[in-house]
Amino acid sequence: MEIYEKVREYLYNNIGHLTTAGTPRFDNKEKIWKVPVLCKTERGVIIAGEFHINKNGDFVNVPTKEEMMKTVELQVNKLPFLYYGTKKELHKQKITPVTI
């Protein structure tokens with residue numbers, strides 16, 4: 001089974017439909033495939049973890065759901081977000097606008 005499909009299927013069956021596999025890359029030094037876990041959030045797609053798979057296609061490292069959820073939570077809290085509103089609405093919500 002292709003590395004990408006193996007991780008994608010694992011995520012769908014064990015974690016949920018808001019996660020998927022990223023692009024696999026082979027680490028020549030460690031002789032393993034590294035596949036990022038991508039998670040869809042309200043603020044965009046975030047890397048939530050990383051699978052490691054050996055040359056034979058066996059999982060070497062599988063991040064737990066709890067580890068990935070904690071990573072996503074920490075990343076989402078660091079991300080800026082856009083809020084559309086009039087100056088009056090922003091002031092009412094105690095939001096200080098910035099210019100980019």
# chains A, B, ... in the order shown; residues from 1 in each chain; ligands from 1
call {"tool": "residues_around", "arguments": {"residues": "Pro63 of chain A", "least_positions_apart": "3", "cutoff": "7 Å", "atoms": "only C-alpha atoms", "output": "PyMOL selection string"}}
result
chain A and resi 49-51+67-68
call {"tool": "closest_atom_pairs", "arguments": {"of": "segment 31-75 of chain A", "to": "segment 2-23 of chain A", "cutoff": "10 Å", "atoms": "only C-alpha atoms", "output": "tab-separated table"}}
result
residue	atom	partner	partner_atom	distance
A:Trp33	CA	A:Ile3	CA	7.8
A:Lys34	CA	A:Thr23	CA	8.6
A:Val35	CA	A:Gly22	CA	6.0
A:Pro36	CA	A:Gly22	CA	5.0
A:Val37	CA	A:Ala21	CA	5.0
A:Leu38	CA	A:Thr20	CA	5.3
A:Cys39	CA	A:Thr19	CA	4.4
A:Lys40	CA	A:Leu18	CA	5.3
A:Thr41	CA	A:Leu18	CA	7.8
A:Val45	CA	A:Thr19	CA	9.2
A:Ile46	CA	A:Thr19	CA	9.5
A:Ile47	CA	A:Gly22	CA	8.5
A:Ala48	CA	A:Thr19	CA	8.6
A:Gly49	CA	A:Ala21	CA	9.8
A:Glu50	CA	A:Ala21	CA	8.9
A:Phe51	CA	A:Val7	CA	7.5
A:His52	CA	A:Val7	CA	9.6
A:Ile53	CA	A:Ile3	CA	7.8
A:Asn54	CA	A:Ile3	CA	9.8
A:Lys55	CA	A:Ile3	CA	9.8
A:Gly57	CA	A:Ile3	CA	6.9
A:Asp58	CA	A:Ile3	CA	9.5
A:Phe59	CA	A:Val7	CA	9.0
A:Val62	CA	A:Val7	CA	9.4
A:Thr64	CA	A:Ile15	CA	8.8
A:Lys65	CA	A:Ile15	CA	6.4
A:Glu66	CA	A:Ile15	CA	9.9
A:Met68	CA	A:Ile15	CA	9.5
call {"tool": "select_by_dssp", "arguments": {"residues": "chain A", "states": "strand (DSSP E or B)", "output": "PyMOL selection string"}}
result
chain A and resi 19-21+25-27+32-41+44-54+59-61
call {"tool": "atom_distance", "arguments": {"atom1": "atom CA of Glu42 of chain A", "atom2": "atom CA of Lys92 of chain A"}}
result
23.2 Å
call {"tool": "select_by_dssp", "arguments": {"residues": "chain A", "states": "helix (DSSP H, G or I)", "output": "MDAnalysis selection string"}}
result
chainID A and resid 3:14 65:78 87:92
call {"tool": "atom_distance", "arguments": {"atom1": "atom CA of Pro97 of chain A", "atom2": "atom CA of Gly85 of chain A"}}
result
10.0 Å
call {"tool": "residues_around", "arguments": {"residues": "Ile95 of chain A", "least_positions_apart": "5", "cutoff": "9 Å", "atoms": "only C-alpha atoms", "output": "list in words"}}
result
Tyr83, Glu89 and Leu90 of chain A
call {"tool": "write_last_selection", "arguments": {"atoms": "N, CA and C atoms", "output": "CSV table (one decimal), in the first residue's frame"}}
result
chain,number,residue,atom,x,y,z
A,83,TYR,N,-11.6,39.6,11.7
A,83,TYR,CA,-12.9,39.9,12.2
A,83,TYR,C,-13.4,41.1,11.4
A,89,GLU,N,-18.8,48.3,15.8
A,89,GLU,CA,-18.9,46.9,16.2
A,89,GLU,C,-17.6,46.4,16.9
A,90,LEU,N,-16.5,46.8,16.3
A,90,LEU,CA,-15.2,46.4,16.9
A,90,LEU,C,-15.0,47.0,18.3
call {"tool": "closest_residue", "arguments": {"among": "A:Val60, A:Lys88, A:Lys94, A:Leu82", "to": "Glu30 of chain A", "atoms": "only C-alpha atoms"}}
result
A:Val60
